[in-house]
There are 2 protein chains.
Amino acid sequence: MEKTKIGLIGLGTVGSGVAQILLDHGDRTARQAGRVLWLEKAAVRDPKKPRGCDVPDGVLTDDIDAVVADPSIDVVAELMGGVERAREVVLALLNSGKDVVTANKALIAAHGPELFDAARAAGRTIAFEAAVAGGIPIIANLSQCLSANQVESLTGILNGTCNFILSKMHREGAPYADVLAEAQRLGYAEADPAMDVDGTDTAQKLAILAHLAFGARPDWRAIPRTGIDTLDLADVKMAQELGYTIKLLGVAELTAKGLQLSVGPTLVKNGNPMADVSGPMNAVRITADAVGELFLQGPGAGQMPTASAVVADLIDTAVGRTRLTFQTLKLWSAESDRTPVADPAEALAKFYLRVEAADEPGVLAQIAAALAAEGISIASFQQQASEAATVPLVLMTHETTEGAVSRACEAIGKLKPVAAGPVRLRVVG
Amino acid sequence: MEKTKIGLIGLGTVGSGVAQILLDHGDRTARQAGRVLWLEKAAVRDPKKPRGCDVPDGVLTDDIDAVVADPSIDVVAELMGGVERAREVVLALLNSGKDVVTANKALIAAHGPELFDAARAAGRTIAFEAAVAGGIPIIANLSQCLSANQVESLTGILNGTCNFILSKMHREGAPYADVLAEAQRLGYAEADPAMDVDGTDTAQKLAILAHLAFGARPDWRAIPRTGIDTLDLADVKMAQELGYTIKLLGVAELTAKGLQLSVGPTLVKNGNPMADVSGPMNAVRITADAVGELFLQGPGAGQMPTASAVVADLIDTAVGRTRLTFQTLKLWSAESDRTPVADPAEALAKFYLRVEAADEPGVLAQIAAALAAEGISIASFQQQASEAATVPLVLMTHETTEGAVSRACEAIGKLKPVAAGPVRLRVVG
Ligand SMILES: NC(=O)c1ccc[n+]([C@@H]2O[C@H](COP(=O)([O-])OP(=O)(O)OC[C@H]3O[C@@H](n4cnc5c(N)ncnc54)[C@H](OP(=O)(O)O)[C@@H]3O)[C@@H](O)[C@H]2O)c1
Ligand SMILES: NC(=O)c1ccc[n+]([C@@H]2O[C@H](COP(=O)([O-])OP(=O)(O)OC[C@H]3O[C@@H](n4cnc5c(N)ncnc54)[C@H](OP(=O)(O)O)[C@@H]3O)[C@@H](O)[C@H]2O)c1
């Protein structure tokens with residue numbers, strides 16, 4: 001049987017999962033690839049560090065250039081993380097004639113066009129199934145399985161850390177900071193969780209999916225984005241009372257004026273399958289003109305689920321499918337850039353608003369007037385009894401635009417009886 | 001741009017959906033395929049019948065041989081249905097040098113080995129995404145996306161008609177016959193629904209998935225199979241009271257002794273995502289060693305969802321991916337036959353048992369003794385008050401084997417106070 005020689009850059013969480021599959025299940029990968037996938041070299045920073053896998057002698061190196069320069073290696077998986085050094089390494093790999101597989105969403109989101117152009121120029125390929133939604137094969141499903149469809153909308157729970165924290169806030173009624181600390185203890189959140197909890201990671205993944213599903217090329221930094229780090233437990237509890245579950249959603253929706261994109265904690269109506277996605281799971285819900293609705297759920301991160309996606313890419317690359325898809329779709333090229341990004345202010349949505357206001361007559365009338373001035377109609381209203389000086393007023397709006405609700409919120413925030421807020425969250429059915 | 005010429009055999013529900021996509025969205029299919037997908041000919045029985053799509057002059061023919069013999073046609077989708085004639089047509093297409101796409105699960109389940117051998121001998125390919133679970137890309141997910149995994153179990157709701165009927169029985173408390181009649185009126189069930197409701201269709205699809213996921217080659221007729229046509233509303237109501245939803249499941253589970261397969265109405269614990277799959281939806285839940293758990297839900301049938309799958313196959317075939325996968329996996333060959341089918345009597349499961357018995361002392365003791373004689377322990381027990389001469393006794397067992405529960409049920413059925421039953425259904429968590 002022929003051999004495809006594999007190099008790994010990075011043998012950390014994901015890399016050692018990939019090495020385990022390659023080393024322990026060579027029969028399986030050979031059957032699926034029609035050729036032996038042979039782990040030839042793995043570059044790390046510190047070759048003396050203990051690893052989660054038994055790497056044969058001669059495989060480990062602390063010299064990335066040794067992988068780049070090895071002419072026997074056909075495909076390399078970049079699993080080192082980071083952006084600038086990873087970019088240099090991937091460019092070097094492509095230029096030395098190697099196909100690349102990567103799990104690095106930050107890299108693709110930042111440098112997709114440059115890297116894909118470089119791969120085209122070098123006649124090589126880049127595969128990145130593991131970069132979004134871990135073990136859910138969302139890249140293959142969008143770029144291949146749904147090819148007969150125009151995708152109309154895509155909603156994703158794309159960050160397992162945030163979903164773990166939100167699930168726990170709902171279940172245990174514990175505030176964000178406590179749950180985050182526990183998630184860090186359990187290894188569900190990094191020591192520095194900023195990129196996860198502030199929505200950066202979700203925005204980067206959404207930007208990648210938006211390109212595949214819609215042919216848009218959004219800058220992830222321009223996607224309106226709220227994290228869960230500012231989420232108040234009061235809103236979690238209120239959502240629950242109203243029959244909703246708060247999820248950090250990345251949403252892409254095709255409108256007449258282009259693609260609407262957003263990332264933020266959202267009230268999801270219980271009964272919607274997204275509301276039931278709990279713990280570190282990820283999920284993607286797609287509506288498309290031929291298939292109707294498709295829902296995929298699975299582990300969004302973790303060693304073996306991510307390794308599953310990386311090895312699937314290695315197999316696809318070894319078989320040659322990656323090359324065909326890569327050549328056909330022309331991702332991150334001028335040709336695949338066909339859908340403009342719409343003005344976020346024009347996004348249509350329903351909103352949940354919470355205001356802390358003095359418990360005095362006429363407050364609701366003033367708030368209602370501020371909403372009416374922007375043409376926003378109120379779908380439901382809730383006021384809670386309270387001993388405190390201020391009471392929480394909770395409103396759900398009918399569909400309106402992001403712009404209108406922003407202006408209304410600004411006006412409401414300035415009303416005299418309003419002590420805090422409004423807190424504003426999107427609502428989906 | 002180069003052209004791939006497409007032929008269709010059949011322009012009924014699915015065929016006219018495929019024609020619509022090809023005719024109305026040529027830009028889309030060309031972008032995804034890197035070449036034009038050109039509808040060249042479509043064979044039907046009666047070319048004068050009105051069709052759901054505007055077929056250009058010269059495309060329709062009542063002569064299948066005209067499609068077979070047309071040397072300009074590269075790929076043909078068999079969408080005529082049936083088994084024996086479809087088999088002849090597919091063999092003729094392969095032998096005349098055409099790649100084949102089919103939505104025909106009955107054909108693949110009956111003649112997979114013969115057809116795939118013929119394709120290999122002729123140097124052609126067969127793609128069949130639409131044959132299982134309609135719009136859910138389960139074939140691609142199993143044969144490509146999960147290739148780094150050993151699948152451990154697969155559970156499917158694979159028949160939309162049955163799921164529609166079961167959902168309505170649950171929601172409306174209406175008996176099977178009434179709901180079936182309504183499903184027929186609404187077009188969710190065929191005039192002759194036998195193959196759907198008796199579990200044949202699910203068994204055929206499960207046999208196909210078992211081959212892809214496990215490398216087993218079960219004869220679908222040998223899969224133990226119960227339909228929903230014998231399901232009593234009393235059990236639906238009882239399941240509901242106990243916190244379960246009854247679903248027609250196809251289950252494949254890898255055990256030390258081979259692959260366990262079964263099809264039957266099953267009590268699914270509410271909270272399991274399979275319990276929430278309602279109406280004509282299909283779903284597949286997979287556990288696999290690397291990815292953990294993956295859940296896919298989507299429309300299991302219908303014109304456009306099925307056409308979505310057929311056109312995805314046409315595009316994959318035009319791009320060349322189908323050929324690479326086909327050559328690598330060697331489906332339905334001796335080489336891909338690596339997992340034996342296990343003895344159904346040894347299948348491990350929990351069971352729900354309902355017995356109608358005379359309301360007299362000692363009945364439960366006798367039933368419990370019959371279960372104990374087979375080493376079956378009781379997890380819970382329920383007796384309902386009743387005015388009637390007999391009362392329903394409902395038991396849930398701990399895990400036991402199919403064989404043990406069969407023998408116990410036979411013994412229980414012979415007990416003097418037992419008027420009817422036991423009804424026996426599997427239970428999943
Ligand atoms: N972890 C997940 O669940 C997950 C899920 C999806 C995607 N990803 C992505 O996968 C990638 C890897 O993540 P990870 O969690 O596996 O990271 P990690 O555990 O920190 O591992 C990084 C590896 O890269 C090596 N490395 C880093 N910089 C290097 C350098 N300059 N030269 C040589 N080796 C270097 C490290 O070497 P040492 O071991 O010697 O330090 C380590 O082996 C990231 O892009 C991440 O976003 C991760
Ligand atoms: N319907 C679904 O939702 C669905 C979902 C998944 C898979 N499938 C599968 O897809 C296939 C087609 O199903 P369908 O619902 O589209 O069937 P259908 O509506 O009955 O259409 C069958 C088509 O085949 C033509 N045909 C049948 N026998 C023929 C013959 N001997 N010569 C020439 N043409 C012939 C018919 O011609 P006329 O129009 O002239 O009668 C008709 O156009 C079946 O294998 C089915 O199992 C269907």
# chains A, B, ... in the order shown; residues from 1 in each chain; ligands from 1
>>> select_by_dssp(residues="stretch 123-318 of chain B", states="helix (DSSP H, G or I)", output="PyMOL selection string")
chain B and resi 129-131+138-145+160-172+176-186+194-197+200-214+220-222+233-241+273-276+303-318
>>> interface_residues(of="chain A", to="chain B", cutoff="6 Å", atoms="only C-alpha atoms", output="PyMOL selection string")
chain A and resi 34+135+145+147-148+290-291+293-298+304-305+308+311-312+321+328
>>> closest_residue(among="A:Thr255, A:Thr339, A:Asn104, A:Asn159", to="ligand 1", atoms="only C-alpha atoms and all ligand atoms")
A:Asn104
>>> residues_around(residues="A:Gly160", least_positions_apart="2", cutoff="10 Å", atoms="only C-alpha atoms", output="NGL selection string")
:A and (133-134 or 157-158 or 162-166 or 188-189 or 196 or 202 or 248 or 278-283 or 299-302)
>>> residues_near_ligand(ligand="ligand 1", cutoff="6 Å", atoms="only C-alpha atoms and all ligand atoms", output="list in words")
Gly10, Leu11, Gly12, Thr13, Val14, Gly15, Ala43, Val44, Arg45, Asp46, Pro47, Asp62, Leu79, Met80, Gly81, Ala103, Asn104, Ala130, Ala131, Gly134, Ala301, Gly302, Gln303 and Thr306 of chain A
>>> write_last_selection(atoms="N, CA and C atoms", output="PDB file, in the first residue's frame")
ATOM      1  N   GLY A  10       3.039  21.036  16.234  1.00  0.00           N
ATOM      2  CA  GLY A  10       2.282  21.106  17.480  1.00  0.00           C
ATOM      3  C   GLY A  10       1.803  19.730  17.889  1.00  0.00           C
ATOM      4  N   LEU A  11       2.088  19.395  19.136  1.00  0.00           N
ATOM      5  CA  LEU A  11       1.663  18.102  19.668  1.00  0.00           C
ATOM      6  C   LEU A  11       1.114  18.369  21.075  1.00  0.00           C
ATOM      7  N   GLY A  12       0.218  19.374  21.131  1.00  0.00           N
ATOM      8  CA  GLY A  12      -0.429  19.704  22.392  1.00  0.00           C
ATOM      9  C   GLY A  12      -1.740  18.941  22.501  1.00  0.00           C
ATOM     10  N   THR A  13      -2.794  19.611  22.953  1.00  0.00           N
ATOM     11  CA  THR A  13      -4.077  18.947  23.137  1.00  0.00           C
ATOM     12  C   THR A  13      -4.520  18.271  21.837  1.00  0.00           C
ATOM     13  N   VAL A  14      -4.657  19.047  20.783  1.00  0.00           N
ATOM     14  CA  VAL A  14      -5.173  18.499  19.527  1.00  0.00           C
ATOM     15  C   VAL A  14      -4.137  17.611  18.853  1.00  0.00           C
ATOM     16  N   GLY A  15      -2.892  18.113  18.774  1.00  0.00           N
ATOM     17  CA  GLY A  15      -1.847  17.360  18.081  1.00  0.00           C
ATOM     18  C   GLY A  15      -1.656  15.971  18.646  1.00  0.00           C
ATOM     19  N   ALA A  43       6.677  18.612  15.202  1.00  0.00           N
ATOM     20  CA  ALA A  43       7.480  19.693  15.790  1.00  0.00           C
ATOM     21  C   ALA A  43       6.806  20.271  17.023  1.00  0.00           C
ATOM     22  N   VAL A  44       7.575  20.470  18.063  1.00  0.00           N
ATOM     23  CA  VAL A  44       7.072  21.059  19.309  1.00  0.00           C
ATOM     24  C   VAL A  44       8.103  22.084  19.793  1.00  0.00           C
ATOM     25  N   ARG A  45       7.727  22.823  20.832  1.00  0.00           N
ATOM     26  CA  ARG A  45       8.684  23.744  21.419  1.00  0.00           C
ATOM     27  C   ARG A  45       9.698  22.992  22.259  1.00  0.00           C
ATOM     28  N   ASP A  46       9.169  22.094  23.082  1.00  0.00           N
ATOM     29  CA  ASP A  46      10.028  21.413  24.055  1.00  0.00           C
ATOM     30  C   ASP A  46       9.878  19.897  23.927  1.00  0.00           C
ATOM     31  N   PRO A  47      10.824  19.257  23.233  1.00  0.00           N
ATOM     32  CA  PRO A  47      10.694  17.814  22.980  1.00  0.00           C
ATOM     33  C   PRO A  47      10.778  16.980  24.256  1.00  0.00           C
ATOM     34  N   ASP A  62      12.314  19.813  17.664  1.00  0.00           N
ATOM     35  CA  ASP A  62      11.964  21.178  18.075  1.00  0.00           C
ATOM     36  C   ASP A  62      12.211  22.149  16.932  1.00  0.00           C
ATOM     37  N   LEU A  79      -1.017  22.650  14.102  1.00  0.00           N
ATOM     38  CA  LEU A  79      -1.786  22.556  15.342  1.00  0.00           C
ATOM     39  C   LEU A  79      -1.050  23.248  16.472  1.00  0.00           C
ATOM     40  N   MET A  80      -0.356  24.342  16.098  1.00  0.00           N
ATOM     41  CA  MET A  80       0.409  25.081  17.101  1.00  0.00           C
ATOM     42  C   MET A  80      -0.395  26.232  17.688  1.00  0.00           C
ATOM     43  N   GLY A  81      -1.382  26.724  16.944  1.00  0.00           N
ATOM     44  CA  GLY A  81      -2.166  27.857  17.411  1.00  0.00           C
ATOM     45  C   GLY A  81      -1.434  29.167  17.236  1.00  0.00           C
ATOM     46  N   ALA A 103      -6.408  23.564  12.325  1.00  0.00           N
ATOM     47  CA  ALA A 103      -7.548  23.679  13.238  1.00  0.00           C
ATOM     48  C   ALA A 103      -7.665  25.107  13.736  1.00  0.00           C
ATOM     49  N   ASN A 104      -6.953  26.013  13.073  1.00  0.00           N
ATOM     50  CA  ASN A 104      -6.714  27.351  13.614  1.00  0.00           C
ATOM     51  C   ASN A 104      -7.679  28.392  13.037  1.00  0.00           C
ATOM     52  N   ALA A 130     -11.518  21.308  11.310  1.00  0.00           N
ATOM     53  CA  ALA A 130     -11.442  21.407  12.770  1.00  0.00           C
ATOM     54  C   ALA A 130     -11.488  22.844  13.270  1.00  0.00           C
ATOM     55  N   ALA A 131     -11.438  23.806  12.344  1.00  0.00           N
ATOM     56  CA  ALA A 131     -11.385  25.201  12.789  1.00  0.00           C
ATOM     57  C   ALA A 131     -12.719  25.709  13.312  1.00  0.00           C
ATOM     58  N   GLY A 134     -15.505  22.126  16.142  1.00  0.00           N
ATOM     59  CA  GLY A 134     -14.821  20.892  16.559  1.00  0.00           C
ATOM     60  C   GLY A 134     -15.236  19.653  15.795  1.00  0.00           C
ATOM     61  N   ALA A 301     -15.385  21.125  20.889  1.00  0.00           N
ATOM     62  CA  ALA A 301     -13.947  21.213  21.130  1.00  0.00           C
ATOM     63  C   ALA A 301     -13.518  19.947  21.851  1.00  0.00           C
ATOM     64  N   GLY A 302     -12.328  19.969  22.406  1.00  0.00           N
ATOM     65  CA  GLY A 302     -11.831  18.793  23.110  1.00  0.00           C
ATOM     66  C   GLY A 302     -10.869  18.032  22.232  1.00  0.00           C
ATOM     67  N   GLN A 303      -9.985  17.273  22.882  1.00  0.00           N
ATOM     68  CA  GLN A 303      -8.912  16.621  22.157  1.00  0.00           C
ATOM     69  C   GLN A 303      -9.390  15.704  21.030  1.00  0.00           C
ATOM     70  N   THR A 306     -11.824  17.146  18.159  1.00  0.00           N
ATOM     71  CA  THR A 306     -11.097  18.010  17.230  1.00  0.00           C
ATOM     72  C   THR A 306     -10.149  17.173  16.375  1.00  0.00           C
TER      73      THR A 306
END
>>> residues_around(residues="B:Asp198", least_positions_apart="4", cutoff="12 Å", atoms="only C-alpha atoms", output="PyMOL selection string")
chain B and resi 159+161-162+192-194+202-204+224-231+248+263-265
>>> residues_around(residues="A:Ser333", least_positions_apart="6", cutoff="8 Å", atoms="only C-alpha atoms", output="number ranges by chain")
A: 113, 116-117
>>> closest_residue(among="B:Ile367, B:Val75, B:Ala408, B:Ile108", to="ligand 2", atoms="only C-alpha atoms and all ligand atoms")
B:Ile108
>>> residues_around(residues="stretch 413-417 of chain B", least_positions_apart="2", cutoff="12 Å", atoms="only C-alpha atoms", output="VMD selection string")
chain B and resid 353 to 371 389 to 393 405 to 411 419 to 424
>>> residues_around(residues="A:Val55", least_positions_apart="4", cutoff="9 Å", atoms="only C-alpha atoms", output="PyMOL selection string")
chain A and resi 19-20+23+42+51+59-60
>>> write_last_selection(atoms="N, CA and C atoms", output="PDB file, in the first residue's frame")
ATOM      1  N   ALA A  19      -2.050  12.425  16.745  1.00  0.00           N
ATOM      2  CA  ALA A  19      -0.987  11.410  16.746  1.00  0.00           C
ATOM      3  C   ALA A  19      -1.518  10.073  17.252  1.00  0.00           C
ATOM      4  N   GLN A  20      -2.334  10.116  18.301  1.00  0.00           N
ATOM      5  CA  GLN A  20      -2.930   8.878  18.827  1.00  0.00           C
ATOM      6  C   GLN A  20      -3.704   8.121  17.759  1.00  0.00           C
ATOM      7  N   LEU A  23      -1.277   6.742  15.148  1.00  0.00           N
ATOM      8  CA  LEU A  23      -0.409   5.664  15.636  1.00  0.00           C
ATOM      9  C   LEU A  23      -1.204   4.420  16.033  1.00  0.00           C
ATOM     10  N   ALA A  42       6.925  15.401  14.044  1.00  0.00           N
ATOM     11  CA  ALA A  42       6.070  16.294  14.812  1.00  0.00           C
ATOM     12  C   ALA A  42       6.933  17.340  15.504  1.00  0.00           C
ATOM     13  N   ARG A  51       4.232  13.770  26.794  1.00  0.00           N
ATOM     14  CA  ARG A  51       3.145  13.892  25.807  1.00  0.00           C
ATOM     15  C   ARG A  51       2.054  12.869  26.104  1.00  0.00           C
ATOM     16  N   VAL A  59      10.595  10.924  15.646  1.00  0.00           N
ATOM     17  CA  VAL A  59       9.461  11.701  15.132  1.00  0.00           C
ATOM     18  C   VAL A  59       9.481  13.124  15.695  1.00  0.00           C
ATOM     19  N   LEU A  60       9.750  13.234  17.001  1.00  0.00           N
ATOM     20  CA  LEU A  60       9.724  14.556  17.647  1.00  0.00           C
ATOM     21  C   LEU A  60      10.913  15.416  17.238  1.00  0.00           C
TER      22      LEU A  60
END
>>> atom_distance(atom1="atom CA of A:Thr102", atom2="atom CA of A:Leu115")
11.5 Å
>>> atom_distance(atom1="atom CA of B:Ala349", atom2="atom CA of B:Thr245")
16.7 Å
>>> atom_distance(atom1="atom CA of B:Pro218", atom2="atom CA of B:Lys257")
14.4 Å
>>> closest_residue(among="B:Ile73, B:Val151, B:Ala106, B:Leu37", to="ligand 2", atoms="only C-alpha atoms and all ligand atoms")
B:Ala106
>>> decode(residues="stretch 143-154 of chain A", atoms="N, CA and C atoms", output="PDB file, in the first residue's frame")
ATOM      1  N   SER A 143     -19.745  22.899   2.390  1.00  0.00           N
ATOM      2  CA  SER A 143     -19.066  23.095   1.119  1.00  0.00           C
ATOM      3  C   SER A 143     -19.339  21.956   0.149  1.00  0.00           C
ATOM      4  N   GLN A 144     -19.960  20.896   0.642  1.00  0.00           N
ATOM      5  CA  GLN A 144     -20.159  19.752  -0.228  1.00  0.00           C
ATOM      6  C   GLN A 144     -21.609  19.251  -0.176  1.00  0.00           C
ATOM      7  N   CYS A 145     -22.072  18.897   1.015  1.00  0.00           N
ATOM      8  CA  CYS A 145     -23.374  18.226   1.106  1.00  0.00           C
ATOM      9  C   CYS A 145     -24.538  19.147   0.762  1.00  0.00           C
ATOM     10  N   LEU A 146     -24.408  20.428   1.015  1.00  0.00           N
ATOM     11  CA  LEU A 146     -25.523  21.337   0.745  1.00  0.00           C
ATOM     12  C   LEU A 146     -25.344  22.097  -0.565  1.00  0.00           C
ATOM     13  N   SER A 147     -24.503  21.565  -1.456  1.00  0.00           N
ATOM     14  CA  SER A 147     -24.135  22.338  -2.641  1.00  0.00           C
ATOM     15  C   SER A 147     -25.295  22.610  -3.581  1.00  0.00           C
ATOM     16  N   ALA A 148     -26.408  21.892  -3.455  1.00  0.00           N
ATOM     17  CA  ALA A 148     -27.572  22.168  -4.312  1.00  0.00           C
ATOM     18  C   ALA A 148     -28.417  23.310  -3.771  1.00  0.00           C
ATOM     19  N   ASN A 149     -28.053  23.821  -2.599  1.00  0.00           N
ATOM     20  CA  ASN A 149     -28.895  24.785  -1.900  1.00  0.00           C
ATOM     21  C   ASN A 149     -28.360  26.210  -1.920  1.00  0.00           C
ATOM     22  N   GLN A 150     -29.280  27.155  -1.836  1.00  0.00           N
ATOM     23  CA  GLN A 150     -28.916  28.485  -1.365  1.00  0.00           C
ATOM     24  C   GLN A 150     -29.211  28.504   0.131  1.00  0.00           C
ATOM     25  N   VAL A 151     -28.188  28.645   0.932  1.00  0.00           N
ATOM     26  CA  VAL A 151     -28.417  28.758   2.369  1.00  0.00           C
ATOM     27  C   VAL A 151     -29.085  30.107   2.633  1.00  0.00           C
ATOM     28  N   GLU A 152     -30.100  30.090   3.472  1.00  0.00           N
ATOM     29  CA  GLU A 152     -30.822  31.334   3.774  1.00  0.00           C
ATOM     30  C   GLU A 152     -30.453  31.881   5.141  1.00  0.00           C
ATOM     31  N   SER A 153     -30.255  30.980   6.086  1.00  0.00           N
ATOM     32  CA  SER A 153     -29.777  31.453   7.380  1.00  0.00           C
ATOM     33  C   SER A 153     -28.998  30.356   8.081  1.00  0.00           C
ATOM     34  N   LEU A 154     -28.121  30.781   8.950  1.00  0.00           N
ATOM     35  CA  LEU A 154     -27.281  29.852   9.697  1.00  0.00           C
ATOM     36  C   LEU A 154     -27.153  30.395  11.119  1.00  0.00           C
TER      37      LEU A 154
END
